[in-house]
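Engineer: Attaching a single structure in structure tokens format; questions to follow.
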Amino acid sequence: MRPYIVAGNWKMNLDARSGQSLASEIRATLEQTHPGGLVRVLLCPPFPLLPSVAEALTGSDIGLGGQNLYPADNGAFTGEVSAPMLAAAGCSHVILGHSERRGYFGETDAFINKKVRHALAHKLLPIICMGETLEQREQDKARQTVETQFRGVLKDIDGDSVGNLILAYEPVWAIGTGKTATPKQAQEMHGFIRTLLSSTYGDSVAQSVVLQYGGSVNADNAADLFAQEDVDGGLIGGASLRTQDFLSIVTAAAEAAKRT
Ligand code: 13P
């Protein structure tokens, strides 16, 4: 059975001290209320915060993830960070192909594919983001867009590796806008991605891939989203910076996990 996974993408927020406090608070709250066990929780802070957040999470069940990487072990790549560096900082996961990276930094599916392969080679599990813009949705090109991204970012990656991945459907129009996909829209796209997985890698791989939804998930809408058959958790931006909101989202995932 697939686990539910809720990841907090802190984006470019907080500093070493405030990030450590937030991580400690989230840890204490989760340990107190025990919604864990059924849900895997990850925190993905900016690079300079990784050591202080790792320290706050030592000995807990909460995992750590990076927000990006460059696909080389080391070298003259000013401003970049490699998979071995993330792993050494305590990361088990890394977010790749986020729409903010695609949009602001021109990342292509081919480049994201290199990053995915680099991450896997270093035993970091990628959370690969895909999703359409509002314009693409309005032109009825949402599925086509997601299928192109799916095939591009997963090119030449074998089924065994794909089975361990997390794919995050993040419609660009829903990110940071307060405009969430309806549970029906989320399920439609997640179901479609599951079908793509099944036709490309077979049903057992398709059934093992965790499909997160991301885009304005909050304490009020999380339960309805997670109740959908193919929504296996969330990639949370703004609400992951507020302990109570994040806790409500994790609790919603735990409730959904209990029902499956
Ligand atoms: P928001 O939850 O702030 O909309 O961000 C979603 C996101 O981009 C997570 O990666």
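Residues are referred to by chain and number: the chain letter is A, B, ... according to the order shown in the structure tokens, the number counts from 1 in that chain, and ligands are numbered separately from 1 in the order shown.
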From a DSSP calculation on the backbone, collect every residue of segment 2-247 of chain A in strand (DSSP E or B) and output the set as a PyMOL selection string.

Structural biologist: chain A and resi 4-9+39-44+63-66+93-96+125-130+166-169+210-214+233-236

Engineer: So that each row is one residue of chain A with an atom at most 7 Å from ligand 1, can you give its shortest atom pair and the distance in Å to one decimal, using only C-alpha atoms and all ligand atoms, rows by chain and rising number, as a tab-separated table?

Structural biologist:
residue	atom	partner	partner_atom_place_in_ligand_line	distance
A:Asn9	CA	ligand 1	10 (O)	5.3
A:His98	CA	ligand 1	10 (O)	6.6
A:Glu170	CA	ligand 1	8 (O)	6.8
A:Ala174	CA	ligand 1	4 (O)	6.0
A:Ile175	CA	ligand 1	4 (O)	3.5
A:Gly176	CA	ligand 1	4 (O)	3.5
A:Thr177	CA	ligand 1	4 (O)	6.2
A:Gly178	CA	ligand 1	4 (O)	6.6
A:Gly214	CA	ligand 1	6 (C)	5.0
A:Gly215	CA	ligand 1	4 (O)	3.9
A:Ser216	CA	ligand 1	4 (O)	3.5
A:Val217	CA	ligand 1	2 (O)	5.2
A:Leu235	CA	ligand 1	9 (C)	4.8
A:Ile236	CA	ligand 1	2 (O)	4.4
A:Gly237	CA	ligand 1	2 (O)	3.4
A:Gly238	CA	ligand 1	3 (O)	3.8
A:Ala239	CA	ligand 1	2 (O)	6.0

Engineer: Those residues with C-alpha atoms, as a short mmCIF file (atom, residue, chain, number, x, y, z; two decimals), in the first residue's frame please?

Structural biologist:
data_model
loop_
_atom_site.label_atom_id
_atom_site.label_comp_id
_atom_site.auth_asym_id
_atom_site.auth_seq_id
_atom_site.Cartn_x
_atom_site.Cartn_y
_atom_site.Cartn_z
CA ASN A 9 8.26 23.34 0.77
CA HIS A 98 9.17 22.93 -9.43
CA GLU A 170 1.07 21.28 -8.97
CA ALA A 174 -3.04 27.14 -7.97
CA ILE A 175 0.41 27.90 -6.52
CA GLY A 176 0.41 30.72 -4.01
CA THR A 177 -2.85 32.07 -5.42
CA GLY A 178 -5.32 30.75 -2.86
CA GLY A 214 0.32 20.93 -4.43
CA GLY A 215 -1.18 24.38 -4.88
CA SER A 216 -2.85 26.39 -2.11
CA VAL A 217 -3.45 23.36 0.12
CA LEU A 235 3.40 19.39 -1.29
CA ILE A 236 2.64 22.39 0.84
CA GLY A 237 4.01 25.90 0.38
CA GLY A 238 2.61 28.80 2.39
CA ALA A 239 0.69 26.72 4.92
#

Engineer: Give me, as a PyMOL selection string, all polymer residues having an atom no more than 8 Å from segment 54-64 of chain A, counting only C-alpha atoms and skipping those fewer than 6 positions away in the same chain.

Structural biologist: chain A and resi 20-21+23-24+27+40-44+89-93

Engineer: Near Ala222 of chain A, within 9 Å and counting only C-alpha atoms, which residues show up once chain neighbours fewer than 6 positions away are dropped, as a VMD selection string?

Structural biologist: chain A and resid 233 to 234 248 to 250 252 to 253

Engineer: Pick from A:Lys123, A:Ser99, A:Gln212, A:Glu107: nearest to Val172 of chain A, with only C-alpha atoms counted?

Structural biologist: A:Ser99

Engineer: Please, what distance in Å, to one decimal, runs between atom CA of Tyr201 of chain A and atom CA of Val94 of chain A?

Structural biologist: 22.4 Å

Engineer: Find the residues around Arg143 of chain A up to 8 Å (only C-alpha atoms counted), leave out those fewer than 4 positions away in its own chain, and share them as a list in words.

Structural biologist: Glu147, Met189 and Phe192 of chain A

Engineer: Identify, with DSSP run on backbone atoms, the residues in segment 12-96 of chain A assigned to helix (DSSP H, G or I), and express the list as a PDB file with N, CA and C atoms, in the first residue's frame.

Structural biologist:
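Generated output (states_4.pdb):
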ATOM      1  N   ALA A  16      18.251  30.540   9.638  1.00  0.00           N
ATOM      2  CA  ALA A  16      18.669  29.363  10.415  1.00  0.00           C
ATOM      3  C   ALA A  16      17.929  29.300  11.747  1.00  0.00           C
ATOM      4  N   ARG A  17      17.792  30.453  12.393  1.00  0.00           N
ATOM      5  CA  ARG A  17      17.178  30.451  13.724  1.00  0.00           C
ATOM      6  C   ARG A  17      15.652  30.219  13.647  1.00  0.00           C
ATOM      7  N   SER A  18      14.986  31.006  12.807  1.00  0.00           N
ATOM      8  CA  SER A  18      13.517  30.861  12.739  1.00  0.00           C
ATOM      9  C   SER A  18      13.139  29.509  12.114  1.00  0.00           C
ATOM     10  N   GLY A  19      13.983  29.021  11.205  1.00  0.00           N
ATOM     11  CA  GLY A  19      13.711  27.708  10.598  1.00  0.00           C
ATOM     12  C   GLY A  19      13.845  26.604  11.634  1.00  0.00           C
ATOM     13  N   GLN A  20      14.851  26.740  12.491  1.00  0.00           N
ATOM     14  CA  GLN A  20      15.035  25.723  13.528  1.00  0.00           C
ATOM     15  C   GLN A  20      13.853  25.748  14.503  1.00  0.00           C
ATOM     16  N   SER A  21      13.396  26.956  14.851  1.00  0.00           N
ATOM     17  CA  SER A  21      12.245  27.044  15.776  1.00  0.00           C
ATOM     18  C   SER A  21      11.009  26.412  15.144  1.00  0.00           C
ATOM     19  N   LEU A  22      10.779  26.721  13.863  1.00  0.00           N
ATOM     20  CA  LEU A  22       9.590  26.157  13.211  1.00  0.00           C
ATOM     21  C   LEU A  22       9.677  24.627  13.174  1.00  0.00           C
ATOM     22  N   ALA A  23      10.868  24.110  12.808  1.00  0.00           N
ATOM     23  CA  ALA A  23      11.025  22.650  12.738  1.00  0.00           C
ATOM     24  C   ALA A  23      10.822  22.027  14.118  1.00  0.00           C
ATOM     25  N   SER A  24      11.346  22.672  15.175  1.00  0.00           N
ATOM     26  CA  SER A  24      11.189  22.130  16.533  1.00  0.00           C
ATOM     27  C   SER A  24       9.718  22.143  16.939  1.00  0.00           C
ATOM     28  N   GLU A  25       9.045  23.230  16.589  1.00  0.00           N
ATOM     29  CA  GLU A  25       7.628  23.350  16.938  1.00  0.00           C
ATOM     30  C   GLU A  25       6.792  22.288  16.210  1.00  0.00           C
ATOM     31  N   ILE A  26       7.071  22.120  14.931  1.00  0.00           N
ATOM     32  CA  ILE A  26       6.336  21.114  14.145  1.00  0.00           C
ATOM     33  C   ILE A  26       6.597  19.728  14.740  1.00  0.00           C
ATOM     34  N   ARG A  27       7.848  19.465  15.047  1.00  0.00           N
ATOM     35  CA  ARG A  27       8.199  18.165  15.627  1.00  0.00           C
ATOM     36  C   ARG A  27       7.441  17.936  16.934  1.00  0.00           C
ATOM     37  N   ALA A  28       7.499  18.926  17.827  1.00  0.00           N
ATOM     38  CA  ALA A  28       6.864  18.763  19.147  1.00  0.00           C
ATOM     39  C   ALA A  28       5.356  18.567  18.983  1.00  0.00           C
ATOM     40  N   THR A  29       4.753  19.343  18.095  1.00  0.00           N
ATOM     41  CA  THR A  29       3.302  19.251  17.908  1.00  0.00           C
ATOM     42  C   THR A  29       2.916  17.888  17.330  1.00  0.00           C
ATOM     43  N   LEU A  30       3.700  17.436  16.358  1.00  0.00           N
ATOM     44  CA  LEU A  30       3.376  16.133  15.752  1.00  0.00           C
ATOM     45  C   LEU A  30       3.568  15.013  16.768  1.00  0.00           C
ATOM     46  N   GLU A  31       4.622  15.114  17.580  1.00  0.00           N
ATOM     47  CA  GLU A  31       4.875  14.045  18.547  1.00  0.00           C
ATOM     48  C   GLU A  31       3.795  14.021  19.631  1.00  0.00           C
ATOM     49  N   GLN A  32       3.284  15.211  19.966  1.00  0.00           N
ATOM     50  CA  GLN A  32       2.231  15.293  20.982  1.00  0.00           C
ATOM     51  C   GLN A  32       0.919  14.695  20.513  1.00  0.00           C
ATOM     52  N   THR A  33       0.567  15.033  19.281  1.00  0.00           N
ATOM     53  CA  THR A  33      -0.768  14.649  18.810  1.00  0.00           C
ATOM     54  C   THR A  33      -0.768  13.293  18.103  1.00  0.00           C
ATOM     55  N   PHE A  47      18.698  25.848   1.387  1.00  0.00           N
ATOM     56  CA  PHE A  47      19.978  25.177   1.680  1.00  0.00           C
ATOM     57  C   PHE A  47      20.655  25.621   2.987  1.00  0.00           C
ATOM     58  N   PRO A  48      20.802  26.953   3.213  1.00  0.00           N
ATOM     59  CA  PRO A  48      21.575  27.342   4.415  1.00  0.00           C
ATOM     60  C   PRO A  48      20.902  26.922   5.726  1.00  0.00           C
ATOM     61  N   LEU A  49      19.627  26.566   5.669  1.00  0.00           N
ATOM     62  CA  LEU A  49      18.907  26.175   6.889  1.00  0.00           C
ATOM     63  C   LEU A  49      19.014  24.673   7.167  1.00  0.00           C
ATOM     64  N   LEU A  50      19.557  23.922   6.204  1.00  0.00           N
ATOM     65  CA  LEU A  50      19.541  22.454   6.365  1.00  0.00           C
ATOM     66  C   LEU A  50      20.202  21.990   7.667  1.00  0.00           C
ATOM     67  N   PRO A  51      21.389  22.505   8.027  1.00  0.00           N
ATOM     68  CA  PRO A  51      22.002  21.994   9.267  1.00  0.00           C
ATOM     69  C   PRO A  51      21.163  22.270  10.515  1.00  0.00           C
ATOM     70  N   SER A  52      20.613  23.475  10.623  1.00  0.00           N
ATOM     71  CA  SER A  52      19.858  23.788  11.848  1.00  0.00           C
ATOM     72  C   SER A  52      18.539  23.028  11.891  1.00  0.00           C
ATOM     73  N   VAL A  53      17.916  22.844  10.733  1.00  0.00           N
ATOM     74  CA  VAL A  53      16.666  22.074  10.713  1.00  0.00           C
ATOM     75  C   VAL A  53      16.972  20.591  10.967  1.00  0.00           C
ATOM     76  N   ALA A  54      18.068  20.101  10.378  1.00  0.00           N
ATOM     77  CA  ALA A  54      18.463  18.704  10.624  1.00  0.00           C
ATOM     78  C   ALA A  54      18.668  18.473  12.118  1.00  0.00           C
ATOM     79  N   GLU A  55      19.290  19.437  12.769  1.00  0.00           N
ATOM     80  CA  GLU A  55      19.541  19.306  14.212  1.00  0.00           C
ATOM     81  C   GLU A  55      18.214  19.225  14.971  1.00  0.00           C
ATOM     82  N   ALA A  56      17.270  20.085  14.582  1.00  0.00           N
ATOM     83  CA  ALA A  56      15.960  20.088  15.259  1.00  0.00           C
ATOM     84  C   ALA A  56      15.205  18.775  15.038  1.00  0.00           C
ATOM     85  N   LEU A  57      15.514  18.089  13.939  1.00  0.00           N
ATOM     86  CA  LEU A  57      14.762  16.866  13.605  1.00  0.00           C
ATOM     87  C   LEU A  57      15.481  15.582  14.012  1.00  0.00           C
ATOM     88  N   ALA A  83      23.854  16.566  -5.256  1.00  0.00           N
ATOM     89  CA  ALA A  83      23.168  15.518  -4.491  1.00  0.00           C
ATOM     90  C   ALA A  83      24.015  15.019  -3.314  1.00  0.00           C
ATOM     91  N   PRO A  84      25.328  14.751  -3.504  1.00  0.00           N
ATOM     92  CA  PRO A  84      26.114  14.307  -2.343  1.00  0.00           C
ATOM     93  C   PRO A  84      26.108  15.333  -1.212  1.00  0.00           C
ATOM     94  N   MET A  85      26.086  16.620  -1.576  1.00  0.00           N
ATOM     95  CA  MET A  85      26.047  17.663  -0.522  1.00  0.00           C
ATOM     96  C   MET A  85      24.730  17.604   0.247  1.00  0.00           C
ATOM     97  N   LEU A  86      23.644  17.425  -0.495  1.00  0.00           N
ATOM     98  CA  LEU A  86      22.333  17.338   0.175  1.00  0.00           C
ATOM     99  C   LEU A  86      22.282  16.101   1.067  1.00  0.00           C
ATOM    100  N   ALA A  87      22.785  14.983   0.538  1.00  0.00           N
ATOM    101  CA  ALA A  87      22.755  13.744   1.327  1.00  0.00           C
ATOM    102  C   ALA A  87      23.588  13.911   2.602  1.00  0.00           C
ATOM    103  N   ALA A  88      24.762  14.555   2.455  1.00  0.00           N
ATOM    104  CA  ALA A  88      25.631  14.756   3.624  1.00  0.00           C
ATOM    105  C   ALA A  88      24.978  15.676   4.651  1.00  0.00           C
TER     106      ALA A  88
END

Engineer: Tell me which of A:Ala223, A:Ala254, A:Val209, A:Leu96 sits closest to Arg2 of chain A, counting only C-alpha atoms.

Structural biologist: A:Val209

Engineer: Between A:Phe77, A:Trp173, A:Phe150, A:Tyr70, which residue has the minimum interatomic distance to Glu100 of chain A, considering only C-alpha atoms?

Structural biologist: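 Smallest distance to Glu100 of chain A is found for A:Trp173.
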